[in-house]
file target-v6.cif (mmCIF, C-alpha atoms)
data_target
#
loop_
_atom_site.label_atom_id
_atom_site.label_comp_id
_atom_site.auth_asym_id
_atom_site.auth_seq_id
_atom_site.Cartn_x
_atom_site.Cartn_y
_atom_site.Cartn_z
CA MET A 1 -8.56 290.87 53.02
CA SER A 2 -5.09 291.40 54.45
CA GLY A 3 -3.93 294.76 55.72
CA ASN A 4 -1.69 295.37 52.66
CA GLY A 5 -4.55 294.91 50.19
CA GLY A 6 -3.60 291.38 49.16
CA ALA A 7 -5.79 288.35 49.50
CA ALA A 8 -5.99 286.84 52.94
CA THR A 9 -4.24 283.52 53.36
CA THR A 10 -4.97 280.76 55.82
CA ALA A 11 -2.37 278.28 56.96
CA VAL A 12 -3.50 274.75 56.23
CA SER A 13 -2.19 271.94 58.40
CA PRO A 14 -1.17 268.83 56.51
CA GLU A 15 -3.60 265.96 56.69
CA PRO A 16 -2.52 263.08 58.90
CA VAL A 17 -1.70 259.95 56.95
CA THR A 18 -4.13 257.90 59.04
CA ASP A 19 -6.20 258.05 62.21
CA ASP A 20 -4.13 255.19 63.67
CA PRO A 21 -2.30 256.56 66.76
CA HIS A 22 0.82 254.64 65.73
CA PHE A 23 1.26 257.23 62.96
CA SER A 24 0.81 260.23 65.24
CA GLY A 25 2.72 263.28 64.01
CA LEU A 26 3.42 261.88 60.55
CA SER A 27 1.93 263.70 57.58
CA GLY A 28 2.89 264.92 54.12
CA CYS A 29 5.09 263.35 51.47
CA ASN A 30 8.31 263.91 53.40
CA ASP A 31 7.07 261.43 56.01
CA TRP A 32 6.06 258.66 53.58
CA PRO A 33 9.29 256.65 53.94
CA ARG A 34 8.76 256.47 57.70
CA VAL A 35 5.07 255.71 57.22
CA ALA A 36 6.00 252.77 54.99
CA VAL A 37 8.32 251.39 57.70
CA LEU A 38 5.57 251.66 60.32
CA ARG A 39 3.02 249.96 58.07
CA ARG A 40 5.36 247.01 57.46
CA LEU A 41 6.01 246.65 61.18
CA LEU A 42 2.27 246.65 61.85
CA GLU A 43 1.52 244.15 59.10
CA GLU A 44 4.11 241.74 60.48
CA ASN A 45 2.50 241.73 63.91
CA GLY A 46 -1.21 241.86 62.97
CA SER A 47 -2.16 245.53 64.10
CA MET A 48 0.11 245.21 67.16
CA MET A 49 3.16 247.43 66.88
CA ARG A 50 6.42 245.49 67.27
CA VAL A 51 8.49 246.52 70.29
CA ILE A 52 11.99 247.41 69.08
CA ARG A 53 14.65 246.00 71.42
CA VAL A 54 17.87 248.01 71.66
CA GLY A 55 21.09 246.46 72.96
CA THR A 56 23.74 248.45 74.81
CA ARG A 57 26.66 248.11 77.17
CA LYS A 58 25.95 248.70 80.86
CA SER A 59 28.25 251.66 81.45
CA GLN A 60 26.72 255.05 82.18
CA LEU A 61 28.20 256.55 79.01
CA ALA A 62 26.89 253.67 76.86
CA ARG A 63 23.41 254.11 78.35
CA ILE A 64 23.48 257.86 77.72
CA GLN A 65 24.53 257.26 74.11
CA THR A 66 21.82 254.65 73.62
CA ASP A 67 19.20 256.89 75.22
CA THR A 68 20.23 259.62 72.77
CA VAL A 69 19.71 257.35 69.76
CA VAL A 70 16.40 256.02 71.08
CA ALA A 71 15.19 259.58 71.73
CA MET A 72 15.93 260.49 68.09
CA LEU A 73 14.05 257.40 66.89
CA LYS A 74 11.08 258.17 69.16
CA THR A 75 10.90 261.68 67.69
CA LEU A 76 10.87 260.24 64.17
CA TYR A 77 8.54 257.33 65.02
CA PRO A 78 6.33 258.48 67.91
CA GLY A 79 4.10 255.40 67.60
CA ILE A 80 6.86 252.84 68.22
CA GLN A 81 7.85 251.45 71.61
CA PHE A 82 11.51 250.80 72.39
CA GLU A 83 12.98 248.54 75.06
CA ILE A 84 16.63 248.96 76.12
CA ILE A 85 18.54 245.80 77.07
CA ALA A 86 21.93 246.33 78.74
CA MET A 87 24.74 243.76 78.89
CA SER A 88 28.45 243.52 79.70
CA THR A 89 31.09 242.96 77.03
CA THR A 90 34.56 241.42 77.11
CA GLY A 91 36.11 244.89 77.17
CA ASP A 92 34.02 245.79 80.22
CA LYS A 93 35.10 242.66 82.12
CA ILE A 94 38.87 242.68 81.51
CA LEU A 95 40.08 245.74 83.38
CA ASP A 96 43.64 244.78 84.36
CA THR A 97 45.10 244.59 80.84
CA ALA A 98 45.66 247.27 78.20
CA LEU A 99 43.22 246.95 75.30
CA SER A 100 46.10 246.68 72.84
CA LYS A 101 47.38 243.57 74.66
CA ILE A 102 44.13 241.60 74.76
CA GLY A 103 44.17 240.81 71.04
CA GLU A 104 40.41 240.52 70.60
CA LYS A 105 39.11 242.74 67.77
CA SER A 106 35.51 242.89 69.03
CA LEU A 107 36.14 243.76 72.67
CA PHE A 108 33.09 245.98 73.05
CA THR A 109 30.82 244.52 70.37
CA LYS A 110 30.93 240.70 70.44
CA GLU A 111 28.32 240.06 73.15
CA LEU A 112 25.99 242.63 71.60
CA GLU A 113 26.36 240.95 68.20
CA ASN A 114 25.63 237.58 69.79
CA ALA A 115 22.34 239.01 71.08
CA LEU A 116 21.59 240.36 67.60
CA GLU A 117 22.29 236.97 66.05
CA LYS A 118 19.99 235.21 68.55
CA ASN A 119 17.24 237.75 67.80
CA GLU A 120 17.29 238.89 71.43
CA VAL A 121 17.69 242.51 70.28
CA ASP A 122 16.86 244.29 67.01
CA LEU A 123 19.65 246.86 66.99
CA VAL A 124 22.63 247.83 69.11
CA VAL A 125 24.32 251.18 69.73
CA HIS A 126 28.11 251.47 69.73
CA SER A 127 30.79 254.10 69.79
CA LEU A 128 31.91 253.81 66.17
CA LYS A 129 35.59 253.77 67.18
CA ASP A 130 34.93 250.43 68.95
CA VAL A 131 33.49 248.77 65.83
CA PRO A 132 35.97 246.76 63.69
CA THR A 133 36.20 247.73 60.01
CA ILE A 134 35.24 244.17 59.05
CA LEU A 135 32.02 242.97 60.68
CA PRO A 136 31.01 239.33 61.17
CA PRO A 137 28.81 237.93 58.38
CA GLY A 138 25.16 238.90 58.73
CA PHE A 139 25.70 242.27 60.42
CA THR A 140 25.96 245.84 59.19
CA ILE A 141 26.11 249.38 60.53
CA GLY A 142 22.71 250.76 59.58
CA ALA A 143 23.24 254.31 60.83
CA ILE A 144 26.03 256.69 61.79
CA CYS A 145 24.72 259.67 63.75
CA LYS A 146 26.02 263.22 63.62
CA ARG A 147 29.50 263.36 65.05
CA GLU A 148 30.43 265.18 68.24
CA ASN A 149 33.87 266.78 68.63
CA PRO A 150 36.25 263.91 67.73
CA CYS A 151 39.30 265.35 69.50
CA ASP A 152 40.96 264.18 72.71
CA ALA A 153 40.93 266.15 75.95
CA VAL A 154 43.22 266.37 78.96
CA VAL A 155 41.58 266.12 82.38
CA PHE A 156 43.89 267.28 85.17
CA HIS A 157 44.15 266.26 88.80
CA PRO A 158 42.58 269.05 90.93
CA LYS A 159 46.00 270.26 92.11
CA PHE A 160 47.07 270.82 88.49
CA ILE A 161 44.01 272.76 87.32
CA GLY A 162 45.15 275.53 84.99
CA LYS A 163 48.16 273.57 83.74
CA THR A 164 48.71 272.14 80.24
CA LEU A 165 50.63 269.04 79.23
CA GLU A 166 53.55 271.31 78.39
CA THR A 167 53.60 272.94 81.83
CA LEU A 168 53.12 269.82 83.96
CA PRO A 169 56.12 269.07 86.21
CA GLU A 170 58.90 266.73 85.04
CA LYS A 171 57.99 263.01 85.17
CA SER A 172 54.30 263.71 85.76
CA ALA A 173 52.24 260.57 85.13
CA VAL A 174 49.56 260.89 82.42
CA GLY A 175 47.02 258.10 82.14
CA THR A 176 45.86 256.57 78.87
CA SER A 177 45.66 253.02 77.54
CA SER A 178 45.72 254.20 73.90
CA LEU A 179 48.86 253.43 71.88
CA ARG A 180 47.76 256.12 69.43
CA ARG A 181 47.78 258.84 72.08
CA VAL A 182 51.03 257.72 73.70
CA ALA A 183 52.90 257.53 70.39
CA GLN A 184 51.93 261.06 69.41
CA LEU A 185 52.19 262.74 72.81
CA GLN A 186 55.37 261.06 74.06
CA ARG A 187 57.27 262.61 71.19
CA LYS A 188 55.85 266.08 71.85
CA PHE A 189 56.10 265.96 75.65
CA PRO A 190 59.19 263.87 76.51
CA HIS A 191 59.22 265.17 80.09
CA LEU A 192 55.99 263.25 80.85
CA GLU A 193 55.49 259.58 81.71
CA PHE A 194 52.50 257.90 80.09
CA LYS A 195 50.90 255.03 82.04
CA SER A 196 48.04 252.70 81.25
CA ILE A 197 44.68 253.35 82.90
CA ARG A 198 41.57 251.21 82.34
CA GLY A 199 37.92 251.34 83.33
CA ASN A 200 34.88 253.32 82.26
CA LEU A 201 34.88 257.11 82.44
CA ASN A 202 33.59 257.15 86.03
CA THR A 203 36.32 254.73 87.14
CA ARG A 204 39.12 256.60 85.39
CA LEU A 205 38.06 259.96 86.81
CA ARG A 206 37.87 258.44 90.28
CA LYS A 207 41.39 257.00 89.88
CA LEU A 208 42.62 260.43 88.81
CA ASP A 209 41.02 262.32 91.67
CA GLU A 210 41.53 259.84 94.54
CA LEU A 211 44.64 257.73 93.96
CA GLN A 212 47.24 260.53 93.59
CA GLU A 213 48.86 258.32 90.91
CA PHE A 214 48.13 260.49 87.86
CA SER A 215 48.65 264.18 87.22
CA ALA A 216 46.25 264.01 84.25
CA ILE A 217 44.41 261.55 82.04
CA ILE A 218 43.49 261.69 78.35
CA LEU A 219 39.85 261.09 77.36
CA ALA A 220 37.68 261.71 74.31
CA VAL A 221 35.97 265.11 74.29
CA ALA A 222 32.74 263.52 73.01
CA GLY A 223 32.44 261.16 75.98
CA LEU A 224 32.99 263.96 78.48
CA GLN A 225 30.39 266.11 76.74
CA ARG A 226 27.81 263.32 76.69
CA MET A 227 28.37 262.71 80.40
CA GLY A 228 27.88 266.41 81.11
CA TRP A 229 31.45 266.78 82.39
CA GLN A 230 32.60 269.60 80.12
CA ASN A 231 33.88 271.45 83.18
CA ARG A 232 36.57 268.79 83.64
CA VAL A 233 38.16 269.51 80.25
CA GLY A 234 41.42 271.28 81.02
CA GLN A 235 42.92 271.17 77.52
CA ILE A 236 41.65 270.09 74.12
CA LEU A 237 44.24 268.38 71.94
CA HIS A 238 43.71 269.64 68.42
CA PRO A 239 44.67 267.43 65.45
CA GLU A 240 48.04 269.15 64.97
CA GLU A 241 48.89 268.01 68.51
CA CYS A 242 47.17 264.62 68.55
CA MET A 243 45.11 263.20 65.70
CA TYR A 244 42.11 261.17 66.77
CA ALA A 245 40.98 257.56 66.43
CA VAL A 246 39.04 256.38 63.38
CA GLY A 247 35.34 257.06 63.98
CA GLN A 248 35.90 258.82 67.30
CA GLY A 249 32.98 261.01 68.37
CA ALA A 250 30.38 259.23 66.21
CA LEU A 251 27.69 256.76 67.30
CA ALA A 252 26.91 253.68 65.20
CA VAL A 253 23.74 251.60 65.08
CA GLU A 254 24.43 247.97 64.18
CA VAL A 255 21.65 245.72 62.86
CA ARG A 256 21.13 242.40 61.11
CA ALA A 257 22.06 242.94 57.46
CA LYS A 258 18.93 241.22 56.14
CA ASP A 259 16.44 242.88 58.50
CA GLN A 260 15.21 245.42 55.95
CA ASP A 261 12.54 246.86 58.25
CA ILE A 262 15.08 247.77 60.93
CA LEU A 263 17.57 248.98 58.32
CA ASP A 264 14.93 251.35 56.97
CA LEU A 265 13.91 252.34 60.49
CA VAL A 266 17.41 253.44 61.56
CA GLY A 267 18.69 254.59 58.14
CA VAL A 268 17.10 258.01 58.59
CA LEU A 269 19.64 258.68 61.37
CA HIS A 270 22.58 258.75 58.94
CA ASP A 271 24.32 262.13 59.00
CA PRO A 272 25.72 262.47 55.45
CA GLU A 273 28.89 264.40 56.31
CA THR A 274 29.74 262.20 59.29
CA LEU A 275 29.03 259.09 57.21
CA LEU A 276 31.38 260.09 54.39
CA ARG A 277 34.17 261.19 56.73
CA CYS A 278 33.93 257.92 58.64
CA ILE A 279 33.83 255.78 55.48
CA ALA A 280 37.11 257.41 54.41
CA GLU A 281 38.64 256.91 57.87
CA ARG A 282 37.54 253.27 58.15
CA ALA A 283 38.74 252.48 54.60
CA PHE A 284 42.13 253.98 55.51
CA LEU A 285 42.41 251.84 58.67
CA ARG A 286 41.13 248.71 56.96
CA HIS A 287 43.60 248.97 54.07
CA LEU A 288 46.45 249.49 56.54
CA GLU A 289 45.22 246.45 58.47
CA GLY A 290 45.45 248.57 61.58
CA GLY A 291 43.64 248.29 64.90
CA CYS A 292 44.10 249.10 68.57
CA SER A 293 47.40 247.13 68.63
CA VAL A 294 49.17 249.73 66.45
CA PRO A 295 49.26 253.57 66.57
CA VAL A 296 47.10 254.82 63.70
CA ALA A 297 45.28 258.17 63.71
CA VAL A 298 43.27 260.37 61.36
CA HIS A 299 41.80 263.82 60.82
CA THR A 300 39.04 264.57 58.31
CA VAL A 301 37.49 267.83 57.14
CA MET A 302 34.66 268.43 54.66
CA LYS A 303 34.82 271.87 53.06
CA ASP A 304 33.46 273.33 49.81
CA GLY A 305 32.74 269.94 48.29
CA GLN A 306 36.19 268.61 49.19
CA LEU A 307 36.86 265.82 51.69
CA TYR A 308 40.33 266.14 53.21
CA LEU A 309 41.79 263.07 54.94
CA THR A 310 45.01 263.18 56.95
CA GLY A 311 46.25 259.84 58.23
CA GLY A 312 49.32 258.79 60.12
CA VAL A 313 51.15 255.81 61.60
CA TRP A 314 53.69 255.83 64.44
CA SER A 315 56.15 253.57 66.18
CA LEU A 316 55.16 252.76 69.76
CA ASP A 317 57.46 255.44 71.21
CA GLY A 318 56.60 257.97 68.51
CA SER A 319 60.21 258.23 67.32
CA ASP A 320 59.30 256.98 63.85
CA SER A 321 56.22 258.26 62.06
CA MET A 322 54.67 258.93 58.70
CA GLN A 323 51.65 260.99 57.74
CA GLU A 324 50.14 262.39 54.58
CA THR A 325 47.03 264.28 53.45
CA MET A 326 44.87 263.64 50.40
CA GLN A 327 41.60 265.10 49.19
CA ALA A 328 38.69 264.13 46.96
CA THR A 329 35.76 266.01 45.48
CA ILE A 330 32.63 264.84 47.30
CA GLN A 331 29.45 266.89 47.47
CA VAL A 332 27.58 266.24 50.72
CA PRO A 333 24.40 264.51 49.50
CA VAL A 334 20.85 264.94 50.70
CA GLN A 335 19.33 261.65 49.60
CA GLN A 336 19.93 258.58 47.48
CA GLU A 337 19.77 258.96 43.74
CA ASP A 338 20.94 255.48 42.69
CA GLY A 339 19.19 252.13 42.52
CA PRO A 340 19.69 249.31 45.06
CA GLU A 341 22.98 247.41 45.15
CA ASP A 342 23.46 243.64 45.59
CA ASP A 343 26.08 244.32 48.27
CA PRO A 344 25.54 247.84 49.60
CA GLN A 345 28.08 247.61 52.44
CA LEU A 346 31.23 249.71 52.45
CA VAL A 347 33.63 249.10 55.37
CA GLY A 348 30.74 247.50 57.24
CA ILE A 349 28.27 250.34 56.63
CA THR A 350 24.95 250.26 54.78
CA ALA A 351 23.52 253.62 53.71
CA ARG A 352 20.96 253.14 50.93
CA ASN A 353 19.63 256.68 51.36
CA ILE A 354 23.02 258.27 50.56
CA PRO A 355 24.28 258.37 46.93
CA ARG A 356 26.52 255.42 46.19
CA GLY A 357 28.95 257.54 44.20
CA ALA A 358 29.73 259.76 47.18
CA GLN A 359 30.31 256.74 49.40
CA LEU A 360 32.64 255.10 46.88
CA ALA A 361 34.61 258.34 46.49
CA ALA A 362 35.08 258.49 50.27
CA GLU A 363 36.15 254.84 50.42
CA ASN A 364 38.59 255.32 47.54
CA LEU A 365 40.11 258.32 49.32
CA GLY A 366 40.84 256.21 52.39
CA ILE A 367 42.29 253.36 50.34
CA SER A 368 44.44 255.75 48.27
CA LEU A 369 45.91 257.43 51.33
CA ALA A 370 46.67 254.09 52.97
CA SER A 371 48.31 252.86 49.74
CA LEU A 372 50.45 256.01 49.61
CA LEU A 373 51.71 255.45 53.16
CA LEU A 374 52.31 251.74 52.56
CA ASN A 375 54.31 252.53 49.44
CA LYS A 376 56.46 254.92 51.52
CA GLY A 377 57.25 252.29 54.14
CA ALA A 378 54.40 252.47 56.66
CA LYS A 379 54.10 248.68 56.73
CA ASN A 380 57.50 248.37 58.35
CA ILE A 381 56.55 250.89 61.05
CA LEU A 382 53.31 249.01 61.77
CA ASP A 383 54.94 245.55 61.72
CA VAL A 384 57.59 246.63 64.22
CA ALA A 385 54.92 248.26 66.42
CA ARG A 386 52.87 245.03 66.45
CA GLN A 387 55.90 242.91 67.30
CA LEU A 388 56.99 245.20 70.12
CA ASN A 389 53.46 245.41 71.50
CA ASP A 390 53.22 241.60 71.52
CA VAL A 391 56.37 241.19 73.63
CA ARG A 392 55.82 244.09 76.03
#
call {"tool": "encode", "arguments": {"input": "target-v6.cif", "output": "structure tokens"}}
result
Amino acid sequence: MSGNGGAATTAVSPEPVTDDPHFSGLSGCNDWPRVAVLRRLLEENGSMMRVIRVGTRKSQLARIQTDTVVAMLKTLYPGIQFEIIAMSTTGDKILDTALSKIGEKSLFTKELENALEKNEVDLVVHSLKDVPTILPPGFTIGAICKRENPCDAVVFHPKFIGKTLETLPEKSAVGTSSLRRVAQLQRKFPHLEFKSIRGNLNTRLRKLDELQEFSAIILAVAGLQRMGWQNRVGQILHPEECMYAVGQGALAVEVRAKDQDILDLVGVLHDPETLLRCIAERAFLRHLEGGCSVPVAVHTVMKDGQLYLTGGVWSLDGSDSMQETMQATIQVPVQQEDGPEDDPQLVGITARNIPRGAQLAAENLGISLASLLLNKGAKNILDVARQLNDVR
């Protein structure tokens, strides 16, 4: 008997689904979807568990991001082995030209997708902001992980620690290769000179600290946090100062669209709120026909069942701009309630475990906001920006 006179209770541990060590840690009905994935993988390979090969870029940040995704998958599927395969992409190799001038839409994804197509890897991990809104046939984004802070940050040269962009000396050079950042910040801080800077995070920080060429550089907060360099953040640029890139701060897992086992394997990583925000952002960019060659930026917030999307377009020098905000009622879902779809992709994303209605509402929000801006003349701003970028 318990001390308060009630009947004694004994905690009962859930029964394991099987004695097979591949299913270690999985028990109870909540784990059955993952158990089903594991069973299919075992059946395909005769009792030998398939090794899941994960493609990634070679940079330190890309490896950290991939390690993060693999660690989440290992926690969910402790019986599966993962092998990480690193490779260089076009964007990693061309370091003397601004991304907006190269013209290739798949700068950081093409080589990884080639490996997927050749069945050399089973899934690849990207920064979502690097993934075009239209994927090549046969591929899909099977998971979008919980978003980190999507904002931009200013990292200052050591002699300017404690400054802000506003208080930097006249004609200070600020490094960024992003047209989006330059267009927004040049208008707000006309006393600064914005110059292109390329390379991975390590390279750009080294250029800042050693070359005496830049007073500050602009980087994504999420990348700095993942690298463990939070102490280098001198100023965070909030959306009212500088809206962020579509998908910035979120990680995407790309897979072969018809590989149902891998789709099911990674689908559990979808973060519903991040997914819906990014569907709206990608639909906005896709309908505008934007990309890295034009200044387009967004800001999304999910609050009390409402998804708020702010989107904007700018001329290259920021002198001409247009932005609007729209909202839609979208309850953040827990799991899928609809049946399967013949074509489940929305803006390149497959999320069968998230209600279709919520996804469509997010997509429609992005399309509606883009249509509003286009009707107000945004196309002219973007066309001029493209033309000027081509001749620069």
call {"tool": "residues_near_point", "arguments": {"input": "target-v6.cif", "point": "(38.9, 253.5, 46.7)", "cutoff": "12 Å", "atoms": "all atoms listed in the file", "output": "number ranges by chain"}}
result
A: 279-284, 286-287, 328, 346-347, 357-371
call {"tool": "residues_around", "arguments": {"input": "target-v6.cif", "residues": "range 141-145 of chain A", "least_positions_apart": "5", "cutoff": "8 Å", "atoms": "all atoms listed in the file", "output": "count of residues only"}}
result
20
call {"tool": "residues_around", "arguments": {"input": "target-v6.cif", "residues": "Phe189 in chain A", "least_positions_apart": "5", "cutoff": "10 Å", "atoms": "all atoms listed in the file", "output": "list in words"}}
result
Leu165, Glu166, Thr167, Leu168, Glu170, Val182, Gln184 and Phe194 of chain A
call {"tool": "closest_residue", "arguments": {"input": "target-v6.cif", "among": "A:Val54, A:Leu285, A:Leu61, A:Leu112", "to": "Leu73 in chain A", "atoms": "all atoms listed in the file"}}
result
A:Val54
call {"tool": "closest_residue", "arguments": {"input": "target-v6.cif", "among": "A:Asp259, A:Asp264, A:Glu210, A:Glu148", "to": "Gln225 in chain A", "atoms": "only C-alpha atoms"}}
result
A:Glu148
call {"tool": "resolve_selection", "arguments": {"input": "target-v6.cif", "expression": "the PyMOL selection byres ((chain A and resi 297-314) around 8)", "output": "PyMOL selection string"}}
result
chain A and resi 180+183-184+239+243-246+273+277+280-281+284+294-296+315-332+362+365-366+369-370+378+381-382+385
call {"tool": "atom_distance", "arguments": {"input": "target-v6.cif", "atom1": "CA of Arg356 in chain A", "atom2": "CA of Asp130 in chain A"}}
result
24.8 Å
call {"tool": "closest_residue", "arguments": {"input": "target-v6.cif", "among": "A:Lys58, A:Arg53, A:Lys118, A:Lys171", "to": "Gly138 in chain A", "atoms": "all atoms listed in the file"}}
result
A:Lys118
call {"tool": "closest_residue", "arguments": {"input": "target-v6.cif", "among": "A:Arg57, A:Arg198, A:Arg226, A:Lys258", "to": "Phe139 in chain A", "atoms": "all atoms listed in the file"}}
result
A:Lys258
call {"tool": "atom_distance", "arguments": {"input": "target-v6.cif", "atom1": "CA of Ile84 in chain A", "atom2": "CA of Pro132 in chain A"}}
result
23.1 Å
call {"tool": "closest_residue", "arguments": {"input": "target-v6.cif", "among": "A:Val121, A:Leu116, A:Leu288, A:Leu373", "to": "Ala257 in chain A", "atoms": "only C-alpha atoms"}}
result
A:Leu116
